[in-house]
>>> print(open('query.cif').read())   # mmCIF, C-alpha atoms and all ligand atoms
data_run
#
loop_
_atom_site.label_atom_id
_atom_site.label_comp_id
_atom_site.auth_asym_id
_atom_site.auth_seq_id
_atom_site.Cartn_x
_atom_site.Cartn_y
_atom_site.Cartn_z
CA MET A 5 -11.84 9.96 26.13
CA LYS A 6 -11.13 6.56 27.57
CA THR A 7 -8.12 4.59 26.38
CA THR A 8 -7.31 1.07 27.47
CA THR A 9 -4.38 -1.17 26.64
CA VAL A 10 -5.08 -4.35 24.73
CA ASP A 11 -2.57 -7.12 25.34
CA VAL A 12 -1.55 -8.67 22.03
CA PRO A 13 1.50 -10.86 21.48
CA GLU A 14 3.77 -9.74 18.58
CA HIS A 15 2.60 -6.11 18.82
CA GLU A 16 4.48 -3.50 20.83
CA GLN A 17 1.40 -1.60 21.90
CA VAL A 18 -2.30 -1.65 21.10
CA ILE A 19 -4.82 0.78 22.53
CA GLN A 20 -8.57 0.84 22.38
CA PHE A 21 -10.16 4.29 22.45
CA GLU A 22 -13.74 5.31 23.25
CA ASP A 23 -15.26 8.77 23.38
CA ALA A 24 -18.92 8.65 24.30
CA ALA A 25 -19.52 12.35 23.53
CA SER A 26 -18.51 12.08 19.85
CA GLY A 27 -19.25 8.37 19.32
CA LEU A 28 -15.58 7.64 18.55
CA SER A 29 -14.59 4.01 18.99
CA GLY A 30 -11.64 2.06 17.62
CA PHE A 31 -8.05 0.91 17.98
CA ILE A 32 -4.49 2.07 17.35
CA ALA A 33 -2.08 -0.80 16.80
CA ILE A 34 1.67 -0.23 16.97
CA HIS A 35 3.33 -3.33 15.58
CA SER A 36 6.92 -2.13 15.71
CA THR A 37 8.92 1.01 16.38
CA GLN A 38 12.23 -0.74 15.78
CA LEU A 39 13.09 1.37 12.73
CA GLY A 40 11.40 4.57 13.92
CA PRO A 41 7.98 5.92 14.93
CA ALA A 42 5.16 3.69 13.73
CA ALA A 43 3.49 5.15 10.64
CA GLY A 44 0.32 4.04 8.90
CA GLY A 45 -3.06 5.45 8.01
CA VAL A 46 -6.38 5.49 9.81
CA ARG A 47 -9.21 3.52 8.24
CA MET A 48 -12.87 4.21 9.01
CA ARG A 49 -15.31 1.40 8.23
CA PRO A 50 -18.61 0.14 9.61
CA TYR A 51 -16.96 -2.98 11.07
CA GLY A 52 -19.56 -5.59 12.08
CA HIS A 53 -17.83 -6.36 15.37
CA ARG A 54 -15.11 -4.91 17.58
CA THR A 55 -12.93 -8.00 17.08
CA GLU A 56 -13.11 -7.54 13.31
CA ALA A 57 -11.84 -3.95 13.72
CA LEU A 58 -9.05 -5.05 16.07
CA ASN A 59 -7.97 -7.83 13.71
CA ASP A 60 -7.86 -5.38 10.80
CA ALA A 61 -5.68 -3.00 12.83
CA LEU A 62 -3.33 -5.83 13.83
CA ARG A 63 -3.00 -7.19 10.27
CA LEU A 64 -2.59 -3.76 8.67
CA SER A 65 -0.07 -2.48 11.23
CA ARG A 66 2.10 -5.56 10.71
CA GLY A 67 1.87 -4.91 6.96
CA MET A 68 3.12 -1.35 7.54
CA THR A 69 6.22 -2.64 9.37
CA TYR A 70 7.01 -4.70 6.26
CA LYS A 71 6.21 -1.91 3.79
CA ASN A 72 8.24 0.72 5.66
CA ALA A 73 11.22 -1.60 6.14
CA ALA A 74 11.18 -2.65 2.46
CA ALA A 75 11.13 1.03 1.47
CA ASN A 76 14.21 1.61 3.65
CA LEU A 77 12.41 4.24 5.74
CA PRO A 78 13.24 5.10 9.35
CA LEU A 79 9.64 4.31 10.27
CA GLY A 80 7.95 1.45 12.06
CA GLY A 81 4.55 -0.09 11.47
CA GLY A 82 1.25 1.12 12.87
CA LYS A 83 -2.37 1.52 11.87
CA ALA A 84 -5.58 2.89 13.34
CA VAL A 85 -9.17 1.86 12.75
CA ILE A 86 -12.32 3.78 13.59
CA ILE A 87 -15.56 1.84 13.81
CA GLY A 88 -18.30 3.65 11.90
CA ASP A 89 -19.70 4.63 8.56
CA PRO A 90 -17.57 7.48 7.15
CA SER A 91 -20.54 8.90 5.25
CA SER A 92 -22.82 9.24 8.28
CA ASP A 93 -20.86 8.79 11.54
CA LYS A 94 -17.93 11.12 10.89
CA SER A 95 -18.03 14.52 12.60
CA PRO A 96 -15.51 17.23 13.51
CA ALA A 97 -15.86 16.22 17.17
CA LEU A 98 -15.11 12.55 16.35
CA LEU A 99 -12.04 13.51 14.31
CA ARG A 100 -10.75 15.79 17.07
CA ALA A 101 -11.27 13.02 19.63
CA PHE A 102 -9.26 10.67 17.40
CA GLY A 103 -6.55 13.36 17.25
CA ARG A 104 -6.39 13.26 21.07
CA ALA A 105 -6.00 9.47 20.98
CA VAL A 106 -3.06 9.84 18.56
CA GLU A 107 -1.53 12.61 20.71
CA SER A 108 -1.77 10.37 23.80
CA LEU A 109 0.91 8.15 22.22
CA ALA A 110 3.33 11.12 22.17
CA GLY A 111 4.71 10.47 18.67
CA ARG A 112 5.09 6.70 18.84
CA TYR A 113 2.40 6.57 16.12
CA TRP A 114 1.89 8.88 13.11
CA THR A 115 -1.45 8.77 11.36
CA ALA A 116 -2.40 9.59 7.76
CA GLU A 117 -5.21 8.90 5.30
CA ASP A 118 -6.56 5.49 4.52
CA MET A 119 -9.97 4.22 3.39
CA GLY A 120 -12.84 6.47 4.45
CA MET A 121 -10.58 9.45 5.23
CA THR A 122 -9.74 12.67 3.35
CA PRO A 123 -7.04 15.39 3.59
CA GLU A 124 -9.69 17.64 5.22
CA ASP A 125 -10.19 15.00 7.92
CA MET A 126 -6.42 14.99 8.53
CA ALA A 127 -6.58 18.76 9.07
CA ALA A 128 -9.34 18.28 11.69
CA ILE A 129 -7.28 15.56 13.43
CA GLY A 130 -4.30 17.92 13.26
CA THR A 131 -6.03 20.44 15.51
CA GLU A 132 -5.36 18.00 18.39
CA THR A 133 -2.08 16.34 17.41
CA ARG A 134 1.20 17.09 15.59
CA PHE A 135 1.53 13.47 14.60
CA VAL A 136 -0.56 13.57 11.43
CA ALA A 137 0.49 13.46 7.76
CA GLY A 138 -1.44 13.55 4.49
CA LEU A 139 -2.36 17.20 4.94
CA ALA A 140 -3.33 19.25 1.90
CA ASP A 141 -1.55 22.42 3.09
CA GLY A 142 1.51 23.28 5.14
CA GLU A 143 5.25 23.59 4.72
CA PHE A 144 5.90 19.85 4.40
CA ALA A 145 2.45 18.77 3.11
CA SER A 146 3.06 15.85 0.76
CA GLY A 147 -0.17 15.99 -1.26
CA ASP A 148 -1.58 13.21 -3.43
CA PRO A 149 0.85 10.26 -3.18
CA SER A 150 -0.46 8.41 -6.25
CA PRO A 151 1.98 9.78 -8.90
CA VAL A 152 4.93 8.66 -6.73
CA THR A 153 3.19 5.33 -6.03
CA ALA A 154 2.66 4.83 -9.76
CA ARG A 155 6.29 5.70 -10.53
CA GLY A 156 7.42 3.02 -8.06
CA ILE A 157 5.08 0.46 -9.64
CA PHE A 158 6.32 1.38 -13.10
CA ASN A 159 9.90 0.73 -11.91
CA ALA A 160 8.75 -2.59 -10.43
CA ILE A 161 7.15 -3.58 -13.74
CA ARG A 162 10.38 -2.83 -15.61
CA THR A 163 12.47 -4.81 -13.12
CA THR A 164 10.00 -7.70 -13.20
CA ALA A 165 10.09 -7.67 -17.02
CA ARG A 166 13.90 -7.82 -16.92
CA HIS A 167 13.84 -10.91 -14.71
CA ARG A 168 10.99 -12.60 -16.57
CA PHE A 169 11.64 -11.64 -20.20
CA GLY A 170 15.32 -10.63 -20.21
CA THR A 171 14.69 -6.95 -20.90
CA ALA A 172 13.27 -4.02 -18.95
CA ASP A 173 12.25 -2.36 -22.21
CA LEU A 174 8.46 -2.26 -22.27
CA ALA A 175 8.13 -1.09 -25.88
CA GLY A 176 5.76 -3.52 -27.59
CA LYS A 177 5.03 -5.40 -24.34
CA THR A 178 1.36 -5.73 -23.33
CA VAL A 179 0.33 -4.78 -19.79
CA SER A 180 -3.19 -5.42 -18.48
CA VAL A 181 -4.26 -2.93 -15.81
CA GLN A 182 -7.13 -3.48 -13.35
CA GLY A 183 -8.33 -0.22 -11.77
CA LEU A 184 -7.81 3.17 -13.39
CA GLY A 185 -8.18 5.41 -10.34
CA HIS A 186 -5.48 7.58 -8.79
CA VAL A 187 -2.71 5.00 -9.13
CA GLY A 188 -3.89 3.13 -12.25
CA TYR A 189 -4.30 6.29 -14.30
CA HIS A 190 -0.74 7.52 -13.67
CA LEU A 191 0.64 4.03 -14.18
CA CYS A 192 -1.06 3.86 -17.61
CA ARG A 193 0.48 7.23 -18.44
CA PHE A 194 4.00 5.95 -17.64
CA LEU A 195 3.43 2.65 -19.45
CA HIS A 196 2.08 4.35 -22.55
CA GLY A 197 5.07 6.71 -22.49
CA ALA A 198 7.36 3.67 -22.48
CA GLY A 199 5.67 2.23 -25.55
CA ALA A 200 3.68 -0.53 -23.82
CA LYS A 201 0.33 -1.71 -25.21
CA LEU A 202 -2.46 -1.48 -22.65
CA ILE A 203 -5.49 -3.64 -21.86
CA VAL A 204 -7.54 -1.92 -19.17
CA THR A 205 -10.60 -2.30 -17.01
CA ASP A 206 -12.50 -0.50 -14.29
CA ILE A 207 -16.02 -0.70 -12.90
CA ASP A 208 -16.25 3.04 -13.60
CA ALA A 209 -16.97 3.48 -17.33
CA GLU A 210 -15.78 7.10 -17.32
CA GLN A 211 -12.31 6.16 -16.12
CA VAL A 212 -12.12 3.48 -18.81
CA ALA A 213 -13.17 5.89 -21.57
CA ARG A 214 -10.59 8.47 -20.42
CA VAL A 215 -7.66 6.02 -20.34
CA ALA A 216 -8.73 4.39 -23.63
CA ALA A 217 -8.80 7.79 -25.34
CA GLU A 218 -5.61 9.22 -23.80
CA PHE A 219 -3.38 6.15 -23.97
CA SER A 220 -4.84 4.11 -26.87
CA ALA A 221 -5.75 1.40 -24.37
CA MET A 222 -8.02 -1.54 -25.18
CA PRO A 223 -10.89 -1.78 -22.67
CA VAL A 224 -12.26 -5.11 -21.45
CA ALA A 225 -15.09 -5.96 -19.03
CA PRO A 226 -14.05 -6.16 -15.33
CA ASP A 227 -14.25 -9.97 -15.18
CA ALA A 228 -12.42 -10.38 -18.50
CA ILE A 229 -9.17 -8.83 -17.21
CA TYR A 230 -8.02 -12.12 -15.61
CA GLY A 231 -8.18 -14.03 -18.91
CA ALA A 232 -6.68 -11.22 -21.01
CA GLU A 233 -3.54 -12.28 -22.85
CA ALA A 234 -0.70 -9.97 -21.83
CA ASP A 235 2.93 -10.02 -20.72
CA ILE A 236 2.27 -8.43 -17.31
CA PHE A 237 -0.87 -8.01 -15.21
CA ALA A 238 -0.93 -4.90 -12.99
CA PRO A 239 -3.68 -5.02 -10.30
CA CYS A 240 -4.40 -1.46 -9.15
CA ALA A 241 -7.90 -1.71 -7.67
CA ILE A 242 -8.81 -3.95 -4.74
CA GLY A 243 -7.19 -6.69 -2.65
CA ALA A 244 -7.46 -10.50 -2.70
CA ILE A 245 -7.85 -10.63 -6.49
CA LEU A 246 -5.09 -13.25 -6.82
CA ASN A 247 -6.91 -16.32 -5.59
CA GLU A 248 -7.73 -19.92 -6.42
CA THR A 249 -10.38 -18.82 -8.94
CA SER A 250 -8.46 -16.07 -10.76
CA ILE A 251 -4.94 -17.55 -10.88
CA PRO A 252 -5.83 -20.48 -13.19
CA LEU A 253 -7.33 -17.95 -15.65
CA LEU A 254 -4.21 -15.76 -15.96
CA LYS A 255 -2.47 -15.69 -19.36
CA VAL A 256 0.51 -13.55 -18.33
CA GLY A 257 4.18 -14.09 -17.53
CA ALA A 258 4.22 -11.82 -14.48
CA VAL A 259 2.07 -9.86 -12.04
CA ALA A 260 3.28 -6.46 -10.81
CA GLY A 261 0.84 -3.83 -9.60
CA GLY A 262 -0.03 -1.44 -6.83
CA ALA A 263 -3.14 -2.75 -5.05
CA ASN A 264 -2.63 -3.65 -1.40
CA ASN A 265 -2.92 -7.29 -0.30
CA GLN A 266 -3.28 -8.78 -3.78
CA LEU A 267 -2.78 -12.37 -2.61
CA ALA A 268 -5.95 -13.73 -1.01
CA THR A 269 -3.81 -16.16 1.03
CA ASP A 270 -0.11 -17.09 1.27
CA ALA A 271 -0.95 -20.22 -0.73
CA ASP A 272 -1.78 -17.98 -3.68
CA GLY A 273 1.86 -16.85 -3.81
CA GLN A 274 2.74 -20.55 -4.21
CA ARG A 275 0.00 -20.98 -6.83
CA LEU A 276 1.49 -18.20 -8.97
CA HIS A 277 4.95 -19.67 -8.53
CA GLN A 278 3.75 -23.12 -9.59
CA ARG A 279 2.22 -21.61 -12.72
CA GLY A 280 5.54 -19.94 -13.58
CA ILE A 281 4.08 -16.46 -13.13
CA LEU A 282 6.63 -14.10 -11.54
CA TYR A 283 4.96 -12.05 -8.79
CA ALA A 284 6.34 -8.68 -7.66
CA PRO A 285 5.29 -8.47 -3.97
CA ASP A 286 2.74 -5.68 -3.62
CA PHE A 287 4.07 -4.19 -0.38
CA VAL A 288 7.38 -3.54 -2.16
CA ALA A 289 5.92 -2.49 -5.53
CA ASN A 290 3.61 0.13 -3.99
CA GLY A 291 6.10 1.55 -1.45
CA GLY A 292 6.18 4.88 -3.32
CA GLY A 293 3.02 5.92 -1.46
CA ILE A 294 4.58 5.71 1.99
CA ILE A 295 7.83 7.22 0.66
CA ASN A 296 5.77 10.25 -0.36
CA VAL A 297 4.05 10.44 3.06
CA ALA A 298 7.42 10.01 4.79
CA THR A 299 8.63 13.33 3.36
CA GLU A 300 5.98 14.97 5.54
CA ILE A 301 6.65 12.95 8.69
CA LEU A 302 10.43 13.35 8.40
CA ARG A 303 10.16 17.00 7.25
CA ILE A 304 12.30 16.49 4.17
CA SER A 305 13.24 19.75 2.47
CA ASN A 306 15.03 18.41 -0.67
CA ARG A 307 11.90 16.42 -1.43
CA GLU A 308 12.32 15.51 -5.11
CA GLU A 309 15.91 14.34 -4.74
CA TRP A 310 15.11 12.38 -1.58
CA VAL A 311 12.08 10.65 -3.15
CA ALA A 312 14.09 9.76 -6.27
CA GLY A 313 16.80 8.19 -4.08
CA LYS A 314 14.27 6.18 -2.08
CA LEU A 315 12.51 4.97 -5.26
CA GLU A 316 15.87 3.79 -6.63
CA ALA A 317 16.60 1.94 -3.39
CA LEU A 318 13.12 0.38 -3.50
CA ASP A 319 13.80 -0.82 -7.02
CA ARG A 320 17.09 -2.38 -5.93
CA THR A 321 15.22 -4.20 -3.16
CA MET A 322 12.72 -5.54 -5.71
CA ASP A 323 15.62 -6.62 -7.92
CA ARG A 324 17.21 -8.49 -4.99
CA ILE A 325 13.91 -10.19 -4.11
CA LEU A 326 13.20 -11.39 -7.64
CA ALA A 327 16.79 -12.50 -8.24
CA ARG A 328 16.79 -14.57 -5.04
CA ALA A 329 13.33 -16.01 -5.74
CA ILE A 330 14.42 -17.16 -9.20
CA THR A 331 17.73 -18.60 -7.99
CA GLN A 332 16.08 -20.48 -5.14
CA SER A 333 12.93 -21.29 -7.14
CA VAL A 334 10.62 -20.00 -4.42
CA SER A 335 7.77 -17.51 -4.25
CA PRO A 336 9.00 -13.86 -4.30
CA ASN A 337 6.52 -13.09 -1.53
CA ASP A 338 8.33 -15.48 0.83
CA VAL A 339 11.67 -13.93 -0.15
CA ALA A 340 10.32 -10.40 0.41
CA GLU A 341 9.20 -11.31 3.92
CA ALA A 342 12.57 -12.95 4.63
CA ILE A 343 14.42 -9.83 3.40
CA VAL A 344 12.33 -7.61 5.68
CA HIS A 345 13.24 -9.87 8.63
CA GLU A 346 16.92 -9.50 7.64
CA ILE A 347 16.56 -5.69 7.59
CA LEU A 348 14.92 -5.73 11.03
CA GLN A 349 17.55 -8.09 12.44
CA GLN A 350 20.42 -5.97 11.08
CA GLU A 351 18.88 -2.96 12.75
CA ALA A 352 18.50 -4.82 16.06
CA ALA A 353 22.14 -6.03 15.98
P1 LIG B 1 -8.83 4.70 -6.29
O1 LIG B 1 -10.05 4.50 -5.46
O2 LIG B 1 -8.48 6.06 -6.78
O3 LIG B 1 -8.91 3.76 -7.60
C1 LIG B 1 -9.35 2.43 -7.57
C2 LIG B 1 -10.05 2.18 -8.90
O4 LIG B 1 -10.37 0.79 -8.95
C3 LIG B 1 -11.36 2.96 -9.05
O5 LIG B 1 -11.37 3.63 -10.30
C4 LIG B 1 -12.42 1.87 -8.96
O6 LIG B 1 -13.57 2.15 -9.77
C5 LIG B 1 -11.67 0.67 -9.48
N1 LIG B 1 -12.22 -0.62 -9.08
C6 LIG B 1 -12.75 -0.98 -7.89
N2 LIG B 1 -13.13 -2.27 -7.91
C7 LIG B 1 -12.84 -2.74 -9.15
C8 LIG B 1 -12.98 -3.99 -9.80
N3 LIG B 1 -13.54 -5.02 -9.17
N4 LIG B 1 -12.57 -4.12 -11.08
C9 LIG B 1 -12.02 -3.07 -11.73
N5 LIG B 1 -11.85 -1.85 -11.16
C10 LIG B 1 -12.26 -1.69 -9.91
O7 LIG B 1 -7.64 4.06 -5.46
P2 LIG B 1 -6.07 4.27 -5.69
O8 LIG B 1 -5.58 5.33 -4.78
O9 LIG B 1 -5.80 4.35 -7.15
O10 LIG B 1 -5.51 2.90 -5.11
C11 LIG B 1 -5.59 1.69 -5.85
C12 LIG B 1 -4.96 0.56 -5.05
O11 LIG B 1 -3.61 0.88 -4.75
C13 LIG B 1 -5.63 0.28 -3.69
O12 LIG B 1 -5.55 -1.09 -3.41
C14 LIG B 1 -4.76 1.06 -2.71
O13 LIG B 1 -4.82 0.53 -1.40
C15 LIG B 1 -3.39 0.85 -3.33
N6 LIG B 1 -2.41 1.87 -2.97
C16 LIG B 1 -2.62 3.17 -3.31
C17 LIG B 1 -1.66 4.12 -3.00
C18 LIG B 1 -1.84 5.57 -3.42
O14 LIG B 1 -0.85 6.30 -3.44
N7 LIG B 1 -3.03 6.01 -3.76
C19 LIG B 1 -0.47 3.76 -2.32
C20 LIG B 1 -0.27 2.41 -2.00
C21 LIG B 1 -1.25 1.48 -2.33
#
>>> encode(input="query.cif", output="C-alpha cells")
Amino acid sequence: MKTTTVDVPEHEQVIQFEDAASGLSGFIAIHSTQLGPAAGGVRMRPYGHRTEALNDALRLSRGMTYKNAAANLPLGGGKAVIIGDPSSDKSPALLRAFGRAVESLAGRYWTAEDMGMTPEDMAAIGTETRFVAGLADGEFASGDPSPVTARGIFNAIRTTARHRFGTADLAGKTVSVQGLGHVGYHLCRFLHGAGAKLIVTDIDAEQVARVAAEFSAMPVAPDAIYGAEADIFAPCAIGAILNETSIPLLKVGAVAGGANNQLATDADGQRLHQRGILYAPDFVANGGGIINVATEILRISNREEWVAGKLEALDRTMDRILARAITQSVSPNDVAEAIVHEILQQEAA
C-alpha cells in the first residue's frame, strides 16, 4: 500500500492511496476536523480520470463538513473515493486494502457506505480498521438510515409548509415525490399518515405501484413530476434536478426533499428564490442519515432518545434558516451556508 499526500488548499489533509496487489486506487479527503473526527462515506465509481475522482472527494468532503455541522454533530467532514466499477472491480482484498488506508489516518477519518458500497463491504473494511460505520451487525450497528432520514425530511416539509403557507398541518396539502426508494418510500408513509395527498414518480414501475397502492398516491411519468401541480415538491432520487430547465416548470410553493445536491448550481438557489419557491436546503433536510450513522461512530447507548433530540435540533436549525431567508429576502441555501460558518466560527472561538 502506497499513500501519498496531496496538497490542496482549504482541506486539512488529502491522501492518495494505491495498492497494486488488489488494484485499489483512490483518495481520502479530510476537509475539516474542527468539530470532531471527519466522517463521510466511501464512494466507488468508474471515474474517467484521477482528477475527476479527486474533485469528487474534495466536493463531497466539504459537503460533509456542512451537513455534520448543520446536524449539530461533533463530527467533521471527510469522504473517500475508490476508482473502479463496483460490480466488477470490487474484491475482498481491495476492501481490506482500503481498510488499511483508513486505519493509516488513526481515527481522523471515519468511513461508511455511499454509492457502490454495501453493509457487507463495510464488514470487510472493518477487518482492517476500527474507524468504519454502517455495519449490519455489532453492539452499536446503526442499520438502514433511511427511516431516520425520512423522518428528518418529513419534519423539514412541515417546517417549510409553516413558513410558506402559515401552517405545518399537511392534511389536504399535496406533496409531489420524486424517487420512491429507501428514503422516498418512508417519506410517503409519513406524509400519508399526516393526511397529505401524494403525486409520485420513479423510474422503477414496481416502486410506483407499491406506493400508489399503499398510500393512495397518484403516479405520474418521471418527466411529468416537474410540472405537477402541488404545494411542495420533495426530490428523493438523484442530484442536480433543480436546474435552469426544471425550475421554470415547477408549479409548487416550496421544495423540500432528501436527495443530495439538488441544486445543479448555486444560481439555481437564486432561480428558485426569484420564482418565490421556498427551498429547504438539502444538506439540512437530509441530516437524519448522518445522525443515524453518528450513533455508531459515537457509540450512543440511549439511541432513540439521542436521535429524537438531534432531529429536533435539526428542525430548529431549518426553522432558523427559513426565517432568516424570508426576513432578508435571500436564498435559504445562502443562509444555510452562512449559519454553518457561524457554527464553525463559534467552535473556533
Ligand atoms: P435509493 O436508491 O433507495 O432510491 C432512489 C430511487 O430513485 C430509486 O427507486 C430509483 O429508481 C429512483 N430514481 C432514480 N432516478 C430517477 C429519476 N430520474 N426519476 C425518478 N426516480 C428516479 O436511494 P435512497 O437511499 O432512497 O436515497 C435517495 C436520495 O437521498 C439520494 O440522493 C441519496 O443520496 C439521498 N440520501 C439518502 C440517505 C439515506 O438515508 N438513504 C441519507 C441522506 C441522503
>>> axis_aligned_box(input="query.cif", around="range 332-340 of chain A", padding_each_side="8 Å", output="lines of an AutoDock Vina configuration file")
center_x = 11.3
center_y = -15.8
center_z = -3.2
size_x = 25.6
size_y = 26.9
size_z = 24.0
>>> atom_distance(input="query.cif", atom1="CA of Gln266 in chain A", atom2="CA of Ala137 in chain A")
25.3 Å
>>> residues_near_ligand(input="query.cif", ligand="ligand LIG 1 (chain B)", cutoff="6 Å", atoms="only C-alpha atoms and all ligand atoms", output="list in words")
Pro149, Ser150, Thr153, Gln182, Gly183, Leu184, Gly185, His186, Val187, Gly188, Thr205, Asp206, Ile207, Asp208, Pro226, Cys240, Ala241, Ile242, Gly243, Gly262, Ala263, Asn264, Asn290 and Gly293 of chain A
>>> atom_distance(input="query.cif", atom1="CA of Asp11 in chain A", atom2="CA of His35 in chain A")
12.0 Å
>>> closest_atom_pairs(input="query.cif", of="range 96-201 of chain A", to="range 58-80 of chain A", cutoff="12 Å", atoms="all atoms listed in the file", output="Markdown table")
| residue | atom | partner | partner_atom | distance |
| --- | --- | --- | --- | --- |
| A:Gly111 | CA | A:Leu79 | CA | 11.5 |
| A:Arg112 | CA | A:Gly80 | CA | 9.0 |
| A:Tyr113 | CA | A:Gly80 | CA | 8.6 |
| A:Trp114 | CA | A:Leu79 | CA | 9.4 |
| A:Thr115 | CA | A:Ser65 | CA | 11.3 |
| A:Asp118 | CA | A:Leu64 | CA | 10.9 |
| A:Thr153 | CA | A:Ala75 | CA | 11.7 |
| A:Gly156 | CA | A:Ala75 | CA | 10.4 |
>>> atom_distance(input="query.cif", atom1="CA of Asp148 in chain A", atom2="CA of Tyr283 in chain A")
26.6 Å
>>> residues_around(input="query.cif", residues="Asp23 in chain A", least_positions_apart="3", cutoff="9 Å", atoms="all atoms listed in the file", output="list in words")
Met5, Lys6, Thr7, Ser26, Gly27, Leu28, Ser29, Leu98, Ala101 and Phe102 of chain A
>>> closest_residue(input="query.cif", among="A:Asn337, A:Ser220, A:Asn306, A:Gln278", to="Asn265 in chain A", atoms="all atoms listed in the file")
A:Asn337
>>> residues_near_point(input="query.cif", point="(9.8, -6.5, -10.0)", cutoff="6 Å", atoms="only C-alpha atoms", output="list in words")
Ala160, Ile161, Thr163, Thr164, Ala284 and Met322 of chain A
>>> closest_residue(input="query.cif", among="A:Asp323, A:Gly40, A:Ala116, A:Arg134", to="Glu351 in chain A", atoms="all atoms listed in the file")
A:Gly40
>>> residues_near_point(input="query.cif", point="(-3.7, 15.9, 7.9)", cutoff="12 Å", atoms="all atoms listed in the file", output="number ranges by chain")
A: 45-46, 99-100, 103, 114-118, 121-142, 144-148, 297, 300-301
>>> write_last_selection(input="query.cif", atoms="C-alpha atoms", output="tab-separated table (two decimals), keeping the file's coordinate frame")
chain	number	residue	atom	x	y	z
A	45	GLY	CA	-3.06	5.45	8.01
A	46	VAL	CA	-6.38	5.49	9.81
A	99	LEU	CA	-12.04	13.51	14.31
A	100	ARG	CA	-10.75	15.79	17.07
A	103	GLY	CA	-6.55	13.36	17.25
A	114	TRP	CA	1.89	8.88	13.11
A	115	THR	CA	-1.45	8.77	11.36
A	116	ALA	CA	-2.40	9.59	7.76
A	117	GLU	CA	-5.21	8.90	5.30
A	118	ASP	CA	-6.56	5.49	4.52
A	121	MET	CA	-10.58	9.45	5.23
A	122	THR	CA	-9.74	12.67	3.35
A	123	PRO	CA	-7.04	15.39	3.59
A	124	GLU	CA	-9.69	17.64	5.22
A	125	ASP	CA	-10.19	15.00	7.92
A	126	MET	CA	-6.42	14.99	8.53
A	127	ALA	CA	-6.58	18.76	9.07
A	128	ALA	CA	-9.34	18.28	11.69
A	129	ILE	CA	-7.28	15.56	13.43
A	130	GLY	CA	-4.30	17.92	13.26
A	131	THR	CA	-6.03	20.44	15.51
A	132	GLU	CA	-5.36	18.00	18.39
A	133	THR	CA	-2.08	16.34	17.41
A	134	ARG	CA	1.20	17.09	15.59
A	135	PHE	CA	1.53	13.47	14.60
A	136	VAL	CA	-0.56	13.57	11.43
A	137	ALA	CA	0.49	13.46	7.76
A	138	GLY	CA	-1.44	13.55	4.49
A	139	LEU	CA	-2.36	17.20	4.94
A	140	ALA	CA	-3.33	19.25	1.90
A	141	ASP	CA	-1.55	22.42	3.09
A	142	GLY	CA	1.51	23.28	5.14
A	144	PHE	CA	5.90	19.85	4.40
A	145	ALA	CA	2.45	18.77	3.11
A	146	SER	CA	3.06	15.85	0.76
A	147	GLY	CA	-0.17	15.99	-1.26
A	148	ASP	CA	-1.58	13.21	-3.43
A	297	VAL	CA	4.05	10.44	3.06
A	300	GLU	CA	5.98	14.97	5.54
A	301	ILE	CA	6.65	12.95	8.69
>>> closest_residue(input="query.cif", among="A:Lys177, A:Lys255, A:Arg104, A:Arg275", to="Gly199 in chain A", atoms="only C-alpha atoms")
A:Lys177
>>> closest_residue(input="query.cif", among="A:Ala329, A:Val181, A:Ala175, A:Leu195", to="Ala228 in chain A", atoms="all atoms listed in the file")
A:Val181
>>> closest_residue(input="query.cif", among="A:Val152, A:Ala43, A:Ile157, A:Ile203", to="Arg307 in chain A", atoms="only C-alpha atoms")
A:Val152
>>> closest_residue(input="query.cif", among="A:Ala216, A:Leu253, A:Gln350, A:Lys83", to="Pro41 in chain A", atoms="all atoms listed in the file")
A:Lys83
